[in-house]
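Engineer: Submitted below is the structure of interest, expressed as C-alpha cells.
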Amino acid sequence: MPTVVTDPYDHASAGFKALKLKADIVTVSHDAPGHNFVKGAKGANWEIRGAGEYEIGGVFVTGIAIKEGKDTNLVFTYDYGGVNVCHLGDMRSVPSRAEVEALGSVHVLLVPVGGGNALPAAKAAEVIAMIEPGIVVPMHYKVDGTALKLNPLKQFLQEMGLSKEAAEPSLKVTSTSVPSETKVVVLDVAS
C-alpha cells in the first residue's frame, strides 16, 4: 500500500526538526509553508494539490475544495482498504451539511483544534459532532518550542470532556478496530 504524507511543513517556519519522511503520495491542503513543503517528503511520485478523485496503488484519495472566505482549503479523504481517513487541513469554519456529506463515512479524523488560522477548540468539537468519526487525532495546536500562535491542546481536551490524554507514538487502525464511540487519540509531536 502506498504511503501518504499530507501537508508536510517547512521545519524552518514551523520551529520543528526537519522532516525525515518517505512518501509515495503527498497532498497539500493549501499553499502555505506549514502545509506545502513537498520536498520534506522524499520519494513522492504523486503530488496532489487540487480537488478531485484519485486512485493510486489501491489508495483512493478525494480532495474536496471548501471556500474559507477568499481562500480555498482542500479537505482530503483517503480510503485504505475500507479505513477512511480525513484530513481537514486548515479548516476555519464549521462546514455545511452538504460538505460533511461529501466526506462520506469517516473512521479517522485529523482535525485542527488550536485556532490561529484554523478551527478553535469549540468549533473543532462541533465539527467532530457533525462528522461522527470513530477516532479523532487533534492537530494544529500550541507545542512548546514553536513560535506558532496557537491555543494549547488542553483547551480542546476540555471541550471534549477529557482531562488529559497520554500521547501515543503511533496509531494503527484496521476496519475492525474502529471504535463505535468517538475516541480522541493524541499522537507524540516531533518537535
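Every chain in the C-alpha cells has a letter given in the order shown (A, B, ...), and although residue numbers restart at 1 in each chain, ligands are simply numbered from 1 in the order shown.
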Near stretch 96-98 of chain A, within 10 Å and counting only C-alpha atoms, which residues show up once chain neighbours fewer than 6 positions away are dropped, as a PDB file with N, CA and C atoms, in the first residue's frame?
Structural biologist:
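This went into selection12.pdb:
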```pdb
ATOM      1  N   ILE A  66     -13.135  23.502  -0.135  1.00  0.00           N
ATOM      2  CA  ILE A  66     -14.070  24.214   0.734  1.00  0.00           C
ATOM      3  C   ILE A  66     -13.619  25.674   0.806  1.00  0.00           C
ATOM      4  N   VAL A 127     -17.515  20.376  14.775  1.00  0.00           N
ATOM      5  CA  VAL A 127     -17.261  19.665  13.520  1.00  0.00           C
ATOM      6  C   VAL A 127     -17.188  18.157  13.770  1.00  0.00           C
ATOM      7  N   MET A 130     -20.547  16.681  14.056  1.00  0.00           N
ATOM      8  CA  MET A 130     -21.216  16.575  12.757  1.00  0.00           C
ATOM      9  C   MET A 130     -20.708  15.374  11.959  1.00  0.00           C
ATOM     10  N   ILE A 131     -19.399  15.139  11.999  1.00  0.00           N
ATOM     11  CA  ILE A 131     -18.792  14.082  11.176  1.00  0.00           C
ATOM     12  C   ILE A 131     -18.924  12.705  11.829  1.00  0.00           C
TER      13      ILE A 131
END
```
Engineer: Can you tell me which residues surround stretch 25-31 of chain A at a distance of at most 9 Å, considering only C-alpha atoms, apart from same-chain residues fewer than 4 positions away, and format the answer as a PyMOL selection string?
Structural biologist: chain A and resi 2-8+35-38+41+43-50+56+63+65+71-76+87-90
Engineer: Fewer than 5 positions away in the same chain doesn't count, so skip those; otherwise give me all residues within 12 Å of A:Ser170, counting only C-alpha atoms, as a ChimeraX atom specification.
Structural biologist: /A:137,185-190
Engineer: List as a PyMOL selection string the protein and nucleic acid residues near A:Glu159, meaning an atom at most 12 Å away when only C-alpha atoms are counted, but skip any in the same chain fewer than 5 places from it.
Structural biologist: chain A and resi 113-114+120-126+128-129+152-154+164+184
Engineer: Residues of the last selection are to be written out with C-alpha atoms, as a short mmCIF file (atom, residue, chain, number, x, y, z; two decimals), in the first residue's frame.
Structural biologist:
```
data_model
loop_
_atom_site.label_atom_id
_atom_site.label_comp_id
_atom_site.auth_asym_id
_atom_site.auth_seq_id
_atom_site.Cartn_x
_atom_site.Cartn_y
_atom_site.Cartn_z
CA VAL A 113 -8.01 22.39 17.27
CA GLY A 114 -5.74 25.30 18.23
CA PRO A 120 -10.53 26.75 17.70
CA ALA A 121 -11.41 24.05 20.25
CA ALA A 122 -15.16 24.69 20.48
CA LYS A 123 -15.65 24.76 16.70
CA ALA A 124 -13.49 21.65 16.33
CA ALA A 125 -15.76 19.82 18.78
CA GLU A 126 -18.79 20.97 16.77
CA ILE A 128 -16.44 16.34 15.20
CA ALA A 129 -20.05 16.00 16.34
CA PRO A 152 -2.83 24.60 23.73
CA LEU A 153 -4.20 21.07 23.31
CA LYS A 154 -5.65 21.29 26.83
CA LYS A 164 -5.64 14.61 29.74
CA VAL A 184 -9.55 11.02 20.91
#
```
Engineer: Using only C-alpha atoms, pick whichever of A:Asp144, A:Asp79, A:Glu181, A:Glu99 has the shortest atom-to-atom distance to A:Ile64.
Structural biologist: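 Ranked by minimum distance to A:Ile64, first place goes to A:Glu99.
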Engineer: Report, in Å to a single decimal, how far apart atom CA of A:His11 and atom CA of A:Gly145 are.
Structural biologist: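 These atoms are spaced 12.0 Å apart.
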Engineer: According to DSSP computed on the backbone, where in stretch 74-136 of chain A is there helix (DSSP H, G or I)? Give the residues as a PyMOL selection string.
Structural biologist: chain A and resi 97-103+121-131
Engineer: What does the file look like for those residues with N, CA and C atoms, as a CSV table (one decimal), in the first residue's frame?
Structural biologist:
```csv
chain,number,residue,atom,x,y,z
A,97,ARG,N,-23.8,21.1,5.9
A,97,ARG,CA,-24.2,19.7,6.0
A,97,ARG,C,-23.8,19.0,4.7
A,98,ALA,N,-23.9,19.7,3.5
A,98,ALA,CA,-23.6,19.1,2.2
A,98,ALA,C,-22.1,18.8,2.2
A,99,GLU,N,-21.3,19.7,2.7
A,99,GLU,CA,-19.8,19.4,2.7
A,99,GLU,C,-19.5,18.2,3.6
A,100,VAL,N,-20.1,18.1,4.7
A,100,VAL,CA,-19.9,17.0,5.6
A,100,VAL,C,-20.3,15.7,4.9
A,101,GLU,N,-21.5,15.7,4.2
A,101,GLU,CA,-21.9,14.5,3.5
A,101,GLU,C,-21.0,14.1,2.4
A,102,ALA,N,-20.3,15.1,1.8
A,102,ALA,CA,-19.3,14.8,0.7
A,102,ALA,C,-18.1,14.0,1.2
A,103,LEU,N,-17.9,14.1,2.5
A,103,LEU,CA,-16.8,13.4,3.1
A,103,LEU,C,-17.1,11.9,3.2
A,121,ALA,N,-10.9,25.3,19.6
A,121,ALA,CA,-11.4,24.0,20.2
A,121,ALA,C,-12.9,23.8,20.2
A,122,ALA,N,-13.7,24.9,20.5
A,122,ALA,CA,-15.2,24.7,20.5
A,122,ALA,C,-15.7,24.4,19.1
A,123,LYS,N,-15.2,25.0,18.1
A,123,LYS,CA,-15.7,24.8,16.7
A,123,LYS,C,-15.2,23.4,16.3
A,124,ALA,N,-14.0,23.0,16.7
A,124,ALA,CA,-13.5,21.7,16.3
A,124,ALA,C,-14.4,20.6,16.9
A,125,ALA,N,-14.8,20.8,18.1
A,125,ALA,CA,-15.8,19.8,18.8
A,125,ALA,C,-17.1,19.8,18.0
A,126,GLU,N,-17.5,20.9,17.5
A,126,GLU,CA,-18.8,21.0,16.8
A,126,GLU,C,-18.6,20.2,15.5
A,127,VAL,N,-17.5,20.4,14.8
A,127,VAL,CA,-17.3,19.7,13.5
A,127,VAL,C,-17.2,18.2,13.8
A,128,ILE,N,-16.5,17.8,14.8
A,128,ILE,CA,-16.4,16.3,15.2
A,128,ILE,C,-17.8,15.8,15.4
A,129,ALA,N,-18.7,16.5,16.1
A,129,ALA,CA,-20.0,16.0,16.3
A,129,ALA,C,-20.8,15.8,15.0
A,130,MET,N,-20.5,16.7,14.1
A,130,MET,CA,-21.2,16.6,12.8
A,130,MET,C,-20.7,15.4,12.0
A,131,ILE,N,-19.4,15.1,12.0
A,131,ILE,CA,-18.8,14.1,11.2
A,131,ILE,C,-18.9,12.7,11.8
```
Engineer: Could you tell me which of A:Ile135, A:Lys42, A:Val106, A:Val83 comes closest to A:Lys22 if we count only C-alpha atoms?
Structural biologist: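 The closest residue to A:Lys22 is A:Lys42.
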Engineer: Determine which residues of stretch 1-125 of chain A DSSP labels as strand (DSSP E) from the backbone of this structure, then write them out as an NGL selection string.
Structural biologist: :A and (4-6 or 21-22 or 25-27 or 41-42 or 46-48 or 52-56 or 59-68 or 71-80 or 83-87 or 108-112)
Engineer: Take the residues just selected and output them with N, CA and C atoms as a tab-separated table (two decimals), in the first residue's frame.
Structural biologist:
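The resulting file, out_12.tsv, is shown below:
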```
chain	number	residue	atom	x	y	z
A	4	VAL	N	1.20	7.90	2.39
A	4	VAL	CA	0.73	9.25	2.11
A	4	VAL	C	1.24	10.19	3.19
A	5	VAL	N	1.73	11.34	2.77
A	5	VAL	CA	2.05	12.43	3.69
A	5	VAL	C	1.16	13.59	3.29
A	6	THR	N	0.49	14.16	4.27
A	6	THR	CA	-0.39	15.28	3.98
A	6	THR	C	0.12	16.54	4.68
A	21	LEU	N	10.88	11.88	6.24
A	21	LEU	CA	9.76	11.07	5.79
A	21	LEU	C	9.98	10.61	4.36
A	22	LYS	N	9.43	9.44	4.08
A	22	LYS	CA	9.34	8.96	2.71
A	22	LYS	C	7.87	8.80	2.41
A	25	ILE	N	2.78	9.37	-2.00
A	25	ILE	CA	1.80	10.39	-2.33
A	25	ILE	C	1.92	11.53	-1.33
A	26	VAL	N	1.90	12.77	-1.83
A	26	VAL	CA	1.86	13.94	-0.95
A	26	VAL	C	0.65	14.77	-1.35
A	27	THR	N	-0.16	15.15	-0.33
A	27	THR	CA	-1.29	16.03	-0.58
A	27	THR	C	-1.05	17.35	0.14
A	41	ALA	N	9.09	15.45	2.06
A	41	ALA	CA	8.73	14.03	1.96
A	41	ALA	C	9.46	13.46	0.75
A	42	LYS	N	10.44	12.64	1.01
A	42	LYS	CA	11.29	12.11	-0.05
A	42	LYS	C	10.60	11.01	-0.85
A	46	TRP	N	3.64	11.14	-6.58
A	46	TRP	CA	2.40	11.85	-6.85
A	46	TRP	C	2.25	12.99	-5.85
A	47	GLU	N	1.91	14.15	-6.38
A	47	GLU	CA	1.66	15.34	-5.58
A	47	GLU	C	0.27	15.84	-5.93
A	48	ILE	N	-0.62	15.89	-4.93
A	48	ILE	CA	-2.00	16.29	-5.18
A	48	ILE	C	-2.27	17.62	-4.49
A	52	GLY	N	-10.65	16.63	-6.50
A	52	GLY	CA	-10.88	15.55	-7.45
A	52	GLY	C	-10.76	14.20	-6.78
A	53	GLU	N	-10.92	13.17	-7.59
A	53	GLU	CA	-10.81	11.79	-7.10
A	53	GLU	C	-9.63	11.13	-7.78
A	54	TYR	N	-8.81	10.45	-6.99
A	54	TYR	CA	-7.59	9.83	-7.49
A	54	TYR	C	-7.51	8.41	-6.94
A	55	GLU	N	-7.07	7.47	-7.76
A	55	GLU	CA	-6.77	6.13	-7.29
A	55	GLU	C	-5.31	5.86	-7.59
A	56	ILE	N	-4.54	5.65	-6.53
A	56	ILE	CA	-3.11	5.44	-6.68
A	56	ILE	C	-2.72	4.21	-5.87
A	59	VAL	N	-5.01	3.05	-3.07
A	59	VAL	CA	-5.49	4.08	-2.14
A	59	VAL	C	-6.37	5.03	-2.95
A	60	PHE	N	-7.57	5.28	-2.44
A	60	PHE	CA	-8.47	6.22	-3.08
A	60	PHE	C	-8.39	7.55	-2.34
A	61	VAL	N	-7.99	8.58	-3.04
A	61	VAL	CA	-7.83	9.91	-2.45
A	61	VAL	C	-8.87	10.82	-3.07
A	62	THR	N	-9.59	11.53	-2.21
A	62	THR	CA	-10.57	12.50	-2.68
A	62	THR	C	-10.22	13.86	-2.08
A	63	GLY	N	-10.08	14.85	-2.93
A	63	GLY	CA	-9.85	16.23	-2.50
A	63	GLY	C	-11.12	17.03	-2.68
A	64	ILE	N	-11.58	17.66	-1.60
A	64	ILE	CA	-12.82	18.44	-1.63
A	64	ILE	C	-12.46	19.89	-1.31
A	65	ALA	N	-12.76	20.79	-2.24
A	65	ALA	CA	-12.46	22.21	-2.06
A	65	ALA	C	-13.55	22.85	-1.22
A	66	ILE	N	-13.14	23.50	-0.14
A	66	ILE	CA	-14.07	24.21	0.73
A	66	ILE	C	-13.62	25.67	0.81
A	67	LYS	N	-14.52	26.58	0.43
A	67	LYS	CA	-14.21	28.01	0.47
A	67	LYS	C	-14.14	28.46	1.92
A	68	GLU	N	-13.09	29.18	2.24
A	68	GLU	CA	-12.87	29.77	3.57
A	68	GLU	C	-12.65	31.26	3.36
A	71	ASP	N	-10.15	32.40	0.58
A	71	ASP	CA	-9.25	31.28	0.37
A	71	ASP	C	-10.00	29.98	0.14
A	72	THR	N	-9.28	28.99	-0.37
A	72	THR	CA	-9.82	27.65	-0.53
A	72	THR	C	-8.96	26.69	0.27
A	73	ASN	N	-9.59	25.87	1.06
A	73	ASN	CA	-8.92	24.82	1.83
A	73	ASN	C	-9.33	23.49	1.22
A	74	LEU	N	-8.36	22.63	0.95
A	74	LEU	CA	-8.68	21.30	0.44
A	74	LEU	C	-8.75	20.33	1.60
A	75	VAL	N	-9.87	19.66	1.72
A	75	VAL	CA	-10.05	18.59	2.69
A	75	VAL	C	-9.81	17.30	1.92
A	76	PHE	N	-8.96	16.43	2.46
A	76	PHE	CA	-8.66	15.18	1.78
A	76	PHE	C	-9.19	14.00	2.57
A	77	THR	N	-9.76	13.04	1.84
A	77	THR	CA	-10.11	11.75	2.43
A	77	THR	C	-9.27	10.69	1.73
A	78	TYR	N	-8.88	9.70	2.49
A	78	TYR	CA	-8.05	8.61	2.00
A	78	TYR	C	-8.72	7.30	2.39
A	79	ASP	N	-9.00	6.45	1.43
A	79	ASP	CA	-9.60	5.15	1.70
A	79	ASP	C	-8.51	4.09	1.53
A	80	TYR	N	-8.10	3.53	2.66
A	80	TYR	CA	-7.11	2.46	2.69
A	80	TYR	C	-7.83	1.15	2.93
A	83	VAL	N	-10.69	1.60	5.41
A	83	VAL	CA	-10.48	2.54	6.52
A	83	VAL	C	-10.40	3.93	5.91
A	84	ASN	N	-11.34	4.77	6.27
A	84	ASN	CA	-11.42	6.11	5.70
A	84	ASN	C	-10.84	7.14	6.66
A	85	VAL	N	-9.78	7.80	6.20
A	85	VAL	CA	-9.09	8.82	6.98
A	85	VAL	C	-9.40	10.16	6.33
A	86	CYS	N	-9.69	11.16	7.15
A	86	CYS	CA	-10.00	12.50	6.64
A	86	CYS	C	-9.09	13.52	7.31
A	87	HIS	N	-8.43	14.33	6.49
A	87	HIS	CA	-7.55	15.41	6.97
A	87	HIS	C	-8.23	16.73	6.60
A	108	VAL	N	-11.24	7.86	10.78
A	108	VAL	CA	-10.19	8.61	11.49
A	108	VAL	C	-10.23	10.05	10.97
A	109	LEU	N	-10.39	11.00	11.90
A	109	LEU	CA	-10.46	12.42	11.54
A	109	LEU	C	-9.28	13.16	12.13
A	110	LEU	N	-8.49	13.80	11.24
A	110	LEU	CA	-7.39	14.67	11.66
A	110	LEU	C	-7.93	16.09	11.63
A	111	VAL	N	-8.06	16.71	12.81
A	111	VAL	CA	-8.77	17.97	12.92
A	111	VAL	C	-7.92	19.04	13.61
A	112	PRO	N	-7.85	20.26	13.02
A	112	PRO	CA	-7.16	21.35	13.69
A	112	PRO	C	-7.97	21.79	14.91
```
Engineer: Atom CA of A:Gly115 to atom CA of A:Phe156: how many Å, to one decimal?
Structural biologist: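 Here the two named atoms are 10.1 Å from each other.
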Engineer: Within 9 Å of A:Val173, counting only C-alpha atoms, which residues qualify if same-chain residues fewer than 2 places away don't, as an MDAnalysis selection string?
Structural biologist: chainID A and resid 83 107:108 171 175:178
Engineer: Mind writing the picked residues with N, CA and C atoms as a PDB file, in the first residue's frame?
Structural biologist:
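The resulting part.pdb:
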```pdb
ATOM      1  N   VAL A  83     -10.691   1.600   5.413  1.00  0.00           N
ATOM      2  CA  VAL A  83     -10.479   2.537   6.524  1.00  0.00           C
ATOM      3  C   VAL A  83     -10.399   3.926   5.906  1.00  0.00           C
ATOM      4  N   HIS A 107     -13.642   7.233   9.436  1.00  0.00           N
ATOM      5  CA  HIS A 107     -13.197   6.425  10.571  1.00  0.00           C
ATOM      6  C   HIS A 107     -12.179   7.169  11.435  1.00  0.00           C
ATOM      7  N   VAL A 108     -11.238   7.865  10.779  1.00  0.00           N
ATOM      8  CA  VAL A 108     -10.195   8.612  11.485  1.00  0.00           C
ATOM      9  C   VAL A 108     -10.229  10.049  10.971  1.00  0.00           C
ATOM     10  N   LEU A 171      -0.340   5.221  15.613  1.00  0.00           N
ATOM     11  CA  LEU A 171      -1.722   4.768  15.615  1.00  0.00           C
ATOM     12  C   LEU A 171      -1.889   3.776  14.483  1.00  0.00           C
ATOM     13  N   SER A 175     -10.074  -1.923   9.717  1.00  0.00           N
ATOM     14  CA  SER A 175     -11.518  -1.742   9.589  1.00  0.00           C
ATOM     15  C   SER A 175     -12.283  -2.351  10.760  1.00  0.00           C
ATOM     16  N   THR A 176     -11.676  -3.323  11.451  1.00  0.00           N
ATOM     17  CA  THR A 176     -12.351  -3.947  12.593  1.00  0.00           C
ATOM     18  C   THR A 176     -11.977  -3.308  13.931  1.00  0.00           C
ATOM     19  N   SER A 177     -11.010  -2.388  13.932  1.00  0.00           N
ATOM     20  CA  SER A 177     -10.585  -1.792  15.204  1.00  0.00           C
ATOM     21  C   SER A 177     -11.142  -0.391  15.443  1.00  0.00           C
ATOM     22  N   VAL A 178     -11.952   0.110  14.529  1.00  0.00           N
ATOM     23  CA  VAL A 178     -12.519   1.454  14.680  1.00  0.00           C
ATOM     24  C   VAL A 178     -13.598   1.401  15.760  1.00  0.00           C
TER      25      VAL A 178
END
```
